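Peer 1: Contents of my_file_32.cif (mmCIF, C-alpha atoms) are below:
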```cif
data_structure
#
loop_
_atom_site.label_atom_id
_atom_site.label_comp_id
_atom_site.auth_asym_id
_atom_site.auth_seq_id
_atom_site.Cartn_x
_atom_site.Cartn_y
_atom_site.Cartn_z
CA MET A 2 -0.51 -6.27 43.35
CA ALA A 3 0.03 -3.18 41.17
CA ASP A 4 -2.80 -2.10 38.91
CA VAL A 5 -2.43 -3.26 35.32
CA SER A 6 -3.58 -1.11 32.41
CA CYS A 7 -4.51 -2.34 28.97
CA SER A 8 -1.85 -1.40 26.40
CA VAL A 9 -4.56 -0.70 23.78
CA CYS A 10 -7.41 1.14 25.51
CA ASN A 11 -5.23 2.32 28.44
CA GLU A 12 -8.00 1.44 30.90
CA PRO A 13 -7.28 -0.44 34.16
CA VAL A 14 -7.77 -4.17 33.68
CA GLU A 15 -10.59 -5.57 35.79
CA GLY A 16 -10.14 -9.22 36.60
CA LYS A 17 -7.62 -11.29 34.68
CA ALA A 18 -5.01 -9.49 32.57
CA TRP A 19 -3.94 -11.10 29.30
CA TRP A 20 -0.38 -10.85 28.07
CA LEU A 21 1.60 -10.98 24.84
CA GLY A 22 5.18 -10.81 26.02
CA SER A 23 5.27 -7.78 28.31
CA ARG A 24 2.16 -6.20 26.73
CA SER A 25 -0.91 -6.33 28.98
CA PHE A 26 -4.49 -6.41 27.67
CA CYS A 27 -8.00 -6.45 28.96
CA GLU A 28 -9.89 -9.50 27.70
CA GLN A 29 -11.82 -7.55 25.04
CA CYS A 30 -8.74 -5.90 23.54
CA TYR A 31 -6.81 -9.17 23.73
CA ARG A 32 -9.47 -10.96 21.71
CA LYS A 33 -9.63 -8.14 19.15
CA SER A 34 -5.87 -7.83 18.79
CA LEU A 35 -5.65 -11.40 17.50
CA HIS A 36 -8.78 -11.30 15.35
CA ASN A 37 -8.27 -12.25 11.71
CA ARG A 38 -10.79 -10.21 9.78
CA ARG A 39 -11.21 -12.61 6.90
CA GLY A 40 -13.13 -10.13 4.78
CA VAL A 41 -9.94 -8.10 4.37
CA TRP A 42 -8.45 -10.83 2.21
CA TRP A 43 -11.34 -11.32 -0.19
CA ALA A 44 -11.67 -7.55 -0.44
CA SER A 45 -7.99 -7.26 -1.39
CA LEU A 46 -8.22 -9.95 -4.06
CA ALA A 47 -11.54 -8.57 -5.34
CA GLY A 48 -9.95 -5.12 -5.48
CA ILE A 49 -7.11 -6.45 -7.62
CA ALA A 50 -9.58 -8.14 -9.98
CA ALA A 51 -11.65 -4.94 -10.16
CA LEU A 52 -8.57 -2.88 -11.06
CA VAL A 53 -7.68 -5.26 -13.89
CA ALA A 54 -11.30 -5.09 -15.09
CA PHE A 55 -11.15 -1.28 -14.88
CA VAL A 56 -8.09 -1.21 -17.16
CA ALA A 57 -9.75 -3.59 -19.61
CA LEU A 58 -12.91 -1.46 -19.67
CA VAL A 59 -10.98 1.75 -20.33
CA ALA A 60 -8.99 0.03 -23.09
CA ILE A 61 -12.16 -1.26 -24.78
CA MET A 62 -13.87 2.14 -24.53
CA ALA A 63 -10.79 3.90 -25.90
CA ARG A 64 -10.61 1.51 -28.84
CA GLN A 65 -14.32 1.72 -29.63
CA ALA A 66 -14.86 5.46 -29.12
CA ASN A 67 -11.33 6.61 -30.03
CA PRO A 68 -11.79 9.94 -28.20
CA ASN A 69 -9.59 12.82 -29.32
CA LEU A 70 -8.97 14.49 -25.98
CA GLN A 71 -6.61 17.43 -25.89
CA GLY A 72 -5.54 20.19 -23.53
CA THR A 73 -7.72 20.69 -20.47
CA ALA A 74 -10.03 17.78 -21.31
CA LEU A 75 -7.09 15.38 -21.47
CA LEU A 76 -5.74 16.70 -18.17
CA ILE A 77 -9.12 16.34 -16.41
CA ALA A 78 -9.48 12.79 -17.74
CA GLY A 79 -6.03 11.98 -16.40
CA VAL A 80 -6.80 13.38 -12.95
CA ILE A 81 -10.02 11.35 -12.74
CA LEU A 82 -8.23 8.18 -13.82
CA ALA A 83 -5.52 8.80 -11.20
CA LEU A 84 -8.15 8.77 -8.46
CA VAL A 85 -10.08 5.69 -9.57
CA PRO A 86 -7.69 2.88 -8.44
CA ALA A 87 -7.55 4.15 -4.85
CA LEU A 88 -11.31 4.67 -4.76
CA ILE A 89 -11.94 1.12 -6.03
CA TRP A 90 -9.59 -0.44 -3.49
CA LEU A 91 -10.89 1.57 -0.53
CA ALA A 92 -14.49 0.88 -1.57
CA PHE A 93 -13.89 -2.87 -1.35
CA PHE A 94 -12.37 -2.47 2.11
CA TYR A 95 -15.46 -0.57 3.25
CA LEU A 96 -17.80 -3.18 1.80
CA GLN A 97 -16.11 -6.03 3.67
CA ASP A 98 -15.91 -4.00 6.87
CA VAL A 99 -19.64 -3.56 7.43
CA ARG A 100 -19.81 -5.59 10.65
CA GLU A 101 -16.64 -4.21 12.29
CA PRO A 102 -15.80 -1.07 10.39
CA GLU A 103 -12.69 0.98 10.87
CA PRO A 104 -13.60 4.64 11.43
CA LYS A 105 -13.94 6.09 7.95
CA GLY A 106 -12.47 9.37 9.13
CA LEU A 107 -9.28 7.67 10.32
CA VAL A 108 -8.84 5.66 7.13
CA LEU A 109 -9.34 8.82 5.07
CA GLU A 110 -6.98 10.74 7.35
CA VAL A 111 -4.20 8.20 6.86
CA PHE A 112 -4.86 8.17 3.10
CA LEU A 113 -4.56 11.98 2.95
CA ILE A 114 -1.45 12.02 5.13
CA GLY A 115 0.18 9.56 2.75
CA ALA A 116 -0.74 11.81 -0.19
CA LEU A 117 0.50 14.97 1.55
CA LEU A 118 3.81 13.37 2.54
CA ALA A 119 4.30 12.28 -1.05
CA ARG A 120 3.70 15.80 -2.34
CA ALA A 121 5.58 17.70 0.35
CA VAL A 122 8.49 15.35 0.99
CA GLY A 123 8.71 12.25 -1.20
CA ILE A 124 8.43 13.72 -4.69
CA PRO A 125 10.70 16.72 -3.93
CA ILE A 126 13.38 14.38 -2.51
CA ILE A 127 13.27 11.84 -5.33
CA ASP A 128 12.75 14.20 -8.28
CA GLY A 129 14.19 17.46 -6.94
CA LEU A 130 17.02 16.58 -4.55
CA PHE A 131 18.30 13.35 -6.12
CA ARG A 132 17.04 14.02 -9.70
CA THR A 133 16.68 10.30 -10.23
CA SER A 134 15.25 10.61 -13.73
CA GLU A 135 18.59 12.01 -14.93
CA TRP A 136 20.79 9.07 -13.88
CA ILE A 137 18.83 6.08 -12.63
CA ALA A 138 18.65 4.28 -16.00
CA THR A 139 22.33 4.65 -16.90
CA SER A 140 23.05 0.99 -16.07
CA PRO A 141 21.17 -2.00 -14.60
CA LEU A 142 23.19 -1.93 -11.35
CA ILE A 143 22.69 1.80 -10.84
CA HIS A 144 19.02 1.41 -11.70
CA ILE A 145 18.51 -1.32 -9.09
CA LEU A 146 20.51 0.44 -6.37
CA GLY A 147 18.87 3.80 -7.03
CA SER A 148 15.42 2.25 -7.11
CA ILE A 149 16.00 0.62 -3.73
CA LEU A 150 18.18 3.07 -1.80
CA VAL A 151 16.63 6.34 -3.01
CA VAL A 152 13.14 5.63 -4.33
CA GLY A 153 12.20 2.56 -2.27
CA PHE A 154 13.46 3.75 1.11
CA THR A 155 12.04 7.25 0.70
CA GLN A 156 8.59 6.01 -0.30
CA GLN A 157 8.32 3.25 2.28
CA PHE A 158 9.61 5.37 5.16
CA LEU A 159 6.97 8.00 4.41
CA VAL A 160 4.23 5.33 4.29
CA TYR A 161 5.50 4.18 7.70
CA ALA A 162 5.50 7.75 9.01
CA ALA A 163 1.93 8.31 7.82
CA VAL A 164 0.72 5.44 10.04
CA ARG A 165 3.22 5.59 12.90
CA TYR A 166 2.64 9.25 13.71
CA SER A 167 -1.11 9.34 13.24
CA VAL A 168 -3.29 6.32 13.97
CA TYR A 169 -0.70 3.93 15.44
CA HIS A 170 -1.27 5.02 19.05
CA SER A 171 -5.04 5.35 18.64
CA SER A 172 -7.31 2.93 20.47
CA GLU A 173 -8.88 2.22 17.04
CA PHE A 174 -5.65 0.49 16.04
CA ASP A 175 -6.69 -2.55 18.06
CA GLU A 176 -5.99 -5.52 15.77
CA ARG A 177 -2.89 -6.79 14.04
CA VAL A 178 -4.76 -6.67 10.74
CA ASP A 179 -5.29 -2.93 11.29
CA GLY A 180 -1.61 -2.44 10.51
CA ILE A 181 -2.22 -3.86 7.04
CA ILE A 182 -5.40 -1.82 6.53
CA TYR A 183 -3.96 1.54 7.58
CA ALA A 184 -0.60 1.05 5.87
CA THR A 185 -2.39 0.08 2.65
CA ALA A 186 -4.50 3.25 2.91
CA ALA A 187 -1.38 5.38 3.45
CA ALA A 188 0.37 3.70 0.52
CA LEU A 189 -2.64 4.27 -1.74
CA GLY A 190 -2.60 7.95 -0.76
CA TYR A 191 1.06 8.12 -1.70
CA ALA A 192 0.41 6.28 -4.99
CA THR A 193 -2.45 8.62 -5.86
CA MET A 194 -0.19 11.67 -5.47
CA VAL A 195 2.55 10.00 -7.54
CA ASN A 196 -0.04 9.35 -10.25
CA MET A 197 -1.29 12.92 -10.04
CA GLN A 198 2.27 14.17 -10.47
CA TYR A 199 2.66 11.92 -13.53
CA VAL A 200 -0.57 13.25 -15.05
CA MET A 201 0.32 16.89 -14.40
CA ALA A 202 3.86 16.53 -15.75
CA SER A 203 2.56 14.81 -18.88
CA GLY A 204 -0.34 17.22 -19.43
CA GLY A 205 -2.71 14.24 -19.37
CA VAL A 206 -2.33 10.55 -20.13
CA ASP A 207 -2.85 8.10 -22.94
CA LEU A 208 -6.11 6.34 -22.13
CA VAL A 209 -4.54 2.87 -22.36
CA ALA A 210 -0.84 3.11 -21.48
CA GLY A 211 -1.53 5.86 -18.95
CA VAL A 212 -4.29 4.05 -17.09
CA ILE A 213 -2.18 0.88 -16.95
CA ARG A 214 0.71 2.81 -15.40
CA ILE A 215 -1.63 4.45 -12.90
CA THR A 216 -3.23 1.15 -11.92
CA VAL A 217 0.06 -0.74 -11.60
CA THR A 218 1.46 2.02 -9.39
CA ALA A 219 -1.56 1.76 -7.08
CA MET A 220 -1.36 -2.05 -6.88
CA ALA A 221 2.37 -2.00 -6.17
CA PHE A 222 2.11 0.62 -3.42
CA ALA A 223 -0.82 -1.19 -1.81
CA SER A 224 1.17 -4.45 -1.81
CA PHE A 225 4.31 -3.04 -0.22
CA GLY A 226 2.25 -0.95 2.19
CA GLY A 227 0.45 -4.14 3.24
CA ILE A 228 3.78 -5.88 3.86
CA PHE A 229 5.07 -3.07 6.07
CA GLY A 230 1.66 -2.90 7.76
CA TYR A 231 2.12 -6.52 8.86
CA PHE A 232 5.34 -5.52 10.60
CA LEU A 233 3.61 -2.51 12.18
CA GLY A 234 0.72 -4.60 13.46
CA ARG A 235 3.00 -7.13 15.11
CA SER A 236 5.20 -4.39 16.51
CA LYS A 237 2.27 -2.86 18.37
CA PHE A 238 0.90 -6.06 19.89
CA GLU A 239 4.00 -8.17 20.43
CA ASP A 240 7.46 -7.81 21.98
CA GLU A 241 9.41 -7.77 18.77
CA PRO A 242 13.18 -7.10 18.84
CA ALA A 243 14.66 -3.72 17.95
CA TRP A 244 15.46 -4.86 14.42
CA TRP A 245 11.86 -5.87 13.63
CA LEU A 246 10.52 -2.61 12.20
CA PRO A 247 13.77 -1.70 10.38
CA SER A 248 13.71 -5.14 8.75
CA GLY A 249 10.14 -4.47 7.60
CA LEU A 250 11.24 -1.16 6.11
CA ILE A 251 14.19 -2.80 4.36
CA LEU A 252 12.02 -5.59 2.94
CA ALA A 253 9.36 -3.19 1.65
CA ALA A 254 12.00 -0.84 0.17
CA VAL A 255 13.85 -3.67 -1.58
CA LEU A 256 10.64 -5.08 -3.06
CA ASP A 257 9.58 -1.56 -4.09
CA GLY A 258 12.88 -0.92 -5.84
CA LEU A 259 13.07 -4.31 -7.53
CA PHE A 260 9.50 -3.97 -8.75
CA GLY A 261 10.23 -0.55 -10.26
CA TYR A 262 13.28 -1.90 -12.07
CA LEU A 263 11.57 -5.09 -13.28
CA ARG A 264 8.51 -3.22 -14.50
CA GLY A 265 10.75 -1.02 -16.64
CA GLU A 266 12.53 -4.03 -18.05
CA ILE A 267 9.47 -6.06 -19.04
CA THR A 268 7.59 -3.12 -20.56
CA SER A 269 10.54 -2.14 -22.81
CA THR A 270 10.32 -4.24 -25.96
CA ARG A 271 13.62 -2.97 -27.38
CA ILE A 272 12.09 -3.26 -30.83
CA GLY A 273 11.20 -0.25 -32.92
CA LEU A 274 12.39 2.24 -35.51
CA SER A 275 14.37 4.18 -32.92
CA GLY A 276 15.81 1.07 -31.30
CA GLY A 277 13.16 0.49 -28.61
CA GLY A 278 9.47 0.19 -27.95
CA PHE A 279 7.00 0.13 -25.08
CA ASN A 280 4.31 -2.40 -24.20
CA PRO A 281 2.48 -1.60 -20.93
CA TRP A 282 0.47 -4.85 -20.67
CA PRO A 283 3.24 -7.02 -19.12
CA GLY A 284 3.49 -4.38 -16.39
CA LEU A 285 -0.19 -4.90 -15.56
CA LEU A 286 0.28 -8.66 -15.34
CA LEU A 287 3.30 -8.16 -13.08
CA GLY A 288 1.41 -5.73 -10.83
CA ALA A 289 -1.59 -8.03 -10.48
CA ALA A 290 0.62 -11.05 -9.78
CA VAL A 291 2.66 -9.21 -7.14
CA ALA A 292 -0.44 -7.80 -5.43
CA GLY A 293 -2.30 -11.12 -5.42
CA THR A 294 0.72 -13.04 -4.13
CA THR A 295 1.43 -10.44 -1.45
CA PHE A 296 -2.02 -10.51 0.11
CA LEU A 297 -2.21 -14.31 -0.04
CA VAL A 298 1.12 -14.49 1.82
CA LEU A 299 -0.12 -11.98 4.39
CA LEU A 300 -3.23 -14.11 4.90
CA VAL A 301 -1.06 -17.16 5.61
CA LEU A 302 1.09 -15.18 8.06
CA ILE A 303 -1.92 -13.84 9.97
CA ARG A 304 -3.41 -17.34 10.19
CA ARG A 305 -0.13 -18.63 11.61
CA LEU A 306 -0.33 -15.97 14.31
CA GLU A 307 -3.86 -17.14 15.12
CA ARG A 308 -2.67 -20.70 15.63
CA ARG A 309 0.16 -19.53 17.86
CA THR A 310 -2.28 -17.90 20.31
CA PRO A 311 -5.30 -20.25 20.70
CA GLN A 312 -6.27 -18.64 24.03
CA ALA A 313 -7.53 -15.63 22.10
CA LEU A 314 -10.34 -17.64 20.58
CA GLY A 315 -11.43 -19.68 23.58
CA ALA A 316 -10.56 -17.43 26.50
#
```
Please re-express this file's structure in structure tokens.
Peer 2:
Amino acid sequence: MADVSCSVCNEPVEGKAWWLGSRSFCEQCYRKSLHNRRGVWWASLAGIAALVAFVALVAIMARQANPNLQGTALLIAGVILALVPALIWLAFFYLQDVREPEPKGLVLEVFLIGALLARAVGIPIIDGLFRTSEWIATSPLIHILGSILVVGFTQQFLVYAAVRYSVYHSSEFDERVDGIIYATAAALGYATMVNMQYVMASGGVDLVAGVIRITVTAMAFASFGGIFGYFLGRSKFEDEPAWWLPSGLILAAVLDGLFGYLRGEITSTRIGLSGGGFNPWPGLLLGAAVAGTTFLVLLVLIRRLERRTPQALGA
């Protein structure tokens, strides 16, 4: 009988080989690949709650202190605020991951790759090559199509690339849930750079409307990154058909684009002296609802995978 190597650690399998489709595993990697790290889910929901609390705290402080920030001080405040949502989310992941931590260096690496791809590729394509800000809001149909086909696909493909061409083939990517963790980290890196670009272009941010926009962007990217991460995790450990990953990209891009369009619609009050107004708070409610629903759905999907492979728990 030919030697069998584990598809995760690449070591020869001693004793019984375990299989998912045509993928072979040693017993240890097989058990880990199907492990549902339950702390990931409470950390995600706690992160969402913490981000909403962060926005509320900034709004209260801004109303009470009424700071008059200008110039460099306003820009520095904006940069700090742009970093906070990603730091909060990643901190909760680290807190839940005490017993079986992902290597901090790898998580940070994927986060930085996501940010670098946003700065070097994503933002130049969307803002420079396609100049979306000049035409995307000309009609609802154009807005939706542009948000999906240009913005959504560009952003989600680069989140995919940040994971696929870095940690995906690493032996540390040894659980299905790791796809969600690493893709969320890459998406948060991308979101952080998008927020930085917004702060720099604006010369700073309003302490209420600006921090809401920054937080909603981070929650949305984390949600759609988590969705695509689910597809990545299953792609590594199961024999999925050729259309599996493209369908994950399409789903994430469509949700990304629809969210961008809907957020613009619900935050525009269309009431004001010049014919329109802006209320950022509905955008925060939408972002929190989408993020919470997304991670609850992912939890259900991962639990279904557990039930489909009972050997993993009692092997």
Peer 1: Please indicate the distance in Å from atom CA of A:Gly230 to atom CA of A:Thr193, rounded to one decimal place.
Peer 2: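 For atom CA of A:Gly230 relative to atom CA of A:Thr193, the distance reads 18.3 Å.
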Peer 1: Which residue is closest to A:Thr218? Choose from A:Trp244, A:Trp19, A:Phe296, A:Tyr191 and count all atoms listed in the file.
Peer 2: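 That would be A:Tyr191, the residue with the smallest distance to A:Thr218.
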Peer 1: Apply the PyMOL selection byres ((chain A and resi 15) around 10) to the structure shown and report the selected residues as a list in words.
Peer 2: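 On the file shown, the PyMOL selection byres ((chain A and resi 15) around 10) covers Asp4, Val5, Ser6, Cys7, Glu12, Pro13, Val14, Gly16, Lys17, Ala18, Cys27 and Glu28 of chain A.
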Peer 1: Could you write out the selected residues, including C-alpha atoms, as a PDB file, in the frame of the given file?
Peer 2:
```pdb
ATOM      1  CA  ASP A   4      -2.800  -2.100  38.910  1.00  0.00           C
ATOM      2  CA  VAL A   5      -2.430  -3.260  35.320  1.00  0.00           C
ATOM      3  CA  SER A   6      -3.580  -1.110  32.410  1.00  0.00           C
ATOM      4  CA  CYS A   7      -4.510  -2.340  28.970  1.00  0.00           C
ATOM      5  CA  GLU A  12      -8.000   1.440  30.900  1.00  0.00           C
ATOM      6  CA  PRO A  13      -7.280  -0.440  34.160  1.00  0.00           C
ATOM      7  CA  VAL A  14      -7.770  -4.170  33.680  1.00  0.00           C
ATOM      8  CA  GLY A  16     -10.140  -9.220  36.600  1.00  0.00           C
ATOM      9  CA  LYS A  17      -7.620 -11.290  34.680  1.00  0.00           C
ATOM     10  CA  ALA A  18      -5.010  -9.490  32.570  1.00  0.00           C
ATOM     11  CA  CYS A  27      -8.000  -6.450  28.960  1.00  0.00           C
ATOM     12  CA  GLU A  28      -9.890  -9.500  27.700  1.00  0.00           C
TER      13      GLU A  28
END
```
Peer 1: Mind checking which residues fall within 12 Å of A:Glu135, counting all atoms listed in the file, ignoring those fewer than 6 positions away in the same chain, and posting them as a PDB file with C-alpha atoms, in the coordinates of the input?
Peer 2:
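Below is the file that was written, result_7.pdb:
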```pdb
ATOM      1  CA  ILE A 127      13.270  11.840  -5.330  1.00  0.00           C
ATOM      2  CA  ASP A 128      12.750  14.200  -8.280  1.00  0.00           C
ATOM      3  CA  GLY A 129      14.190  17.460  -6.940  1.00  0.00           C
ATOM      4  CA  ILE A 143      22.690   1.800 -10.840  1.00  0.00           C
ATOM      5  CA  HIS A 144      19.020   1.410 -11.700  1.00  0.00           C
ATOM      6  CA  GLY A 147      18.870   3.800  -7.030  1.00  0.00           C
TER       7      GLY A 147
END
```
Peer 1: Using only C-alpha atoms, tabulate the residues of stretch 189-266 of chain A lying at most 7 Å from any atom of stretch 56-70 of chain A, each with its closest atom pair and that distance in Å to one decimal, by chain and increasing residue number, as a Markdown table.
Peer 2:
```
| residue | atom | partner | partner_atom | distance |
| --- | --- | --- | --- | --- |
| A:Leu208 | CA | A:Ala63 | CA | 6.5 |
| A:Val209 | CA | A:Ala60 | CA | 5.3 |
| A:Val212 | CA | A:Val56 | CA | 6.5 |
| A:Ile213 | CA | A:Val56 | CA | 6.3 |
```
Peer 1: For a test of reading the model, state the distance in Å between atom CA of A:Ser224 and atom CA of A:Thr185, rounded to one decimal.
Peer 2: 7.3 Å
Peer 1: For a cutoff of 12 Å around the file-coordinate point (12.7, 1.9, -3.1), which residues qualify once you count all atoms listed in the file? I'd like the result as a PDB file with C-alpha atoms, in the coordinates of the input.
Peer 2:
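As written to disk, result.pdb reads:
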```
ATOM      1  CA  GLY A 123       8.710  12.250  -1.200  1.00  0.00           C
ATOM      2  CA  ILE A 127      13.270  11.840  -5.330  1.00  0.00           C
ATOM      3  CA  THR A 133      16.680  10.300 -10.230  1.00  0.00           C
ATOM      4  CA  HIS A 144      19.020   1.410 -11.700  1.00  0.00           C
ATOM      5  CA  ILE A 145      18.510  -1.320  -9.090  1.00  0.00           C
ATOM      6  CA  LEU A 146      20.510   0.440  -6.370  1.00  0.00           C
ATOM      7  CA  GLY A 147      18.870   3.800  -7.030  1.00  0.00           C
ATOM      8  CA  SER A 148      15.420   2.250  -7.110  1.00  0.00           C
ATOM      9  CA  ILE A 149      16.000   0.620  -3.730  1.00  0.00           C
ATOM     10  CA  LEU A 150      18.180   3.070  -1.800  1.00  0.00           C
ATOM     11  CA  VAL A 151      16.630   6.340  -3.010  1.00  0.00           C
ATOM     12  CA  VAL A 152      13.140   5.630  -4.330  1.00  0.00           C
ATOM     13  CA  GLY A 153      12.200   2.560  -2.270  1.00  0.00           C
ATOM     14  CA  PHE A 154      13.460   3.750   1.110  1.00  0.00           C
ATOM     15  CA  THR A 155      12.040   7.250   0.700  1.00  0.00           C
ATOM     16  CA  GLN A 156       8.590   6.010  -0.300  1.00  0.00           C
ATOM     17  CA  GLN A 157       8.320   3.250   2.280  1.00  0.00           C
ATOM     18  CA  PHE A 158       9.610   5.370   5.160  1.00  0.00           C
ATOM     19  CA  LEU A 159       6.970   8.000   4.410  1.00  0.00           C
ATOM     20  CA  VAL A 160       4.230   5.330   4.290  1.00  0.00           C
ATOM     21  CA  ALA A 221       2.370  -2.000  -6.170  1.00  0.00           C
ATOM     22  CA  PHE A 222       2.110   0.620  -3.420  1.00  0.00           C
ATOM     23  CA  PHE A 225       4.310  -3.040  -0.220  1.00  0.00           C
ATOM     24  CA  LEU A 250      11.240  -1.160   6.110  1.00  0.00           C
ATOM     25  CA  ILE A 251      14.190  -2.800   4.360  1.00  0.00           C
ATOM     26  CA  LEU A 252      12.020  -5.590   2.940  1.00  0.00           C
ATOM     27  CA  ALA A 253       9.360  -3.190   1.650  1.00  0.00           C
ATOM     28  CA  ALA A 254      12.000  -0.840   0.170  1.00  0.00           C
ATOM     29  CA  VAL A 255      13.850  -3.670  -1.580  1.00  0.00           C
ATOM     30  CA  LEU A 256      10.640  -5.080  -3.060  1.00  0.00           C
ATOM     31  CA  ASP A 257       9.580  -1.560  -4.090  1.00  0.00           C
ATOM     32  CA  GLY A 258      12.880  -0.920  -5.840  1.00  0.00           C
ATOM     33  CA  LEU A 259      13.070  -4.310  -7.530  1.00  0.00           C
ATOM     34  CA  PHE A 260       9.500  -3.970  -8.750  1.00  0.00           C
ATOM     35  CA  GLY A 261      10.230  -0.550 -10.260  1.00  0.00           C
ATOM     36  CA  TYR A 262      13.280  -1.900 -12.070  1.00  0.00           C
TER      37      TYR A 262
END
```
Peer 1: Could you tell me which of A:Gly40, A:Asn11, A:Pro141, A:Gly115 comes closest to A:Ser25 if we count all atoms listed in the file?
Peer 2: A:Asn11
Peer 1: Apply the PyMOL selection byres ((chain A and resi 195) around 12) to the displayed file and report the matching residues as a PyMOL selection string.
Peer 2: chain A and resi 80+83-84+87+115-125+127-128+152+156+188-194+196-202+214-219+222
Peer 1: Just the number, please: distance in Å from atom CA of A:Thr294 to atom CA of A:Asn280, one decimal.
Peer 2: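 It comes out at 23.0 Å.
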Peer 1: Using all atoms listed in the file, determine which residues lie at most 10 Å from A:His170, disregarding the query and same-chain residues fewer than 6 positions distant; provide the list as a PyMOL selection string.
Peer 2: chain A and resi 8-10+164+237
Peer 1: A:Ile181, A:Leu46, A:Val85, A:Leu285: which is nearest A:Leu302, counting all atoms listed in the file?
Peer 2: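 Closest candidate: A:Ile181.
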Peer 1: Which of these, A:Val41, A:Thr295, A:Arg304, A:Gly106, has the shortest distance to A:Asp179 once you count all atoms listed in the file?
Peer 2: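 Of A:Val41, A:Thr295, A:Arg304, A:Gly106, the one nearest A:Asp179, counting all atoms listed in the file, is A:Val41.
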Peer 1: Find, counting only C-alpha atoms, the residue in A:Gly180, A:Gly226, A:Gly205, A:Gly265 that gets nearest to A:Phe279.
Peer 2: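 Closest to A:Phe279 of all the choices is A:Gly265.
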Peer 1: Tell me which of A:Ile267, A:Ala44, A:Ala51, A:Ala186 sits closest to A:Lys105, counting all atoms listed in the file.
Peer 2: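 Of the candidates, the smallest distance to A:Lys105 is held by A:Ala186.
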Peer 1: Take the point (-5.6, 7.4, 18.2) as written in the file and pick out every residue within 12 Å of it, counting only C-alpha atoms; give the list as a PyMOL selection string.
Peer 2: chain A and resi 9-11+104+106-108+110-111+164-175
Peer 1: Find the spatial neighbours of A:Thr73, counting only C-alpha atoms, within a cut-off of 10 Å - ignore same-chain residues fewer than 5 positions away - and output them as JSON, numbers by chain.
Peer 2: {"A": [78, 79, 204, 205]}
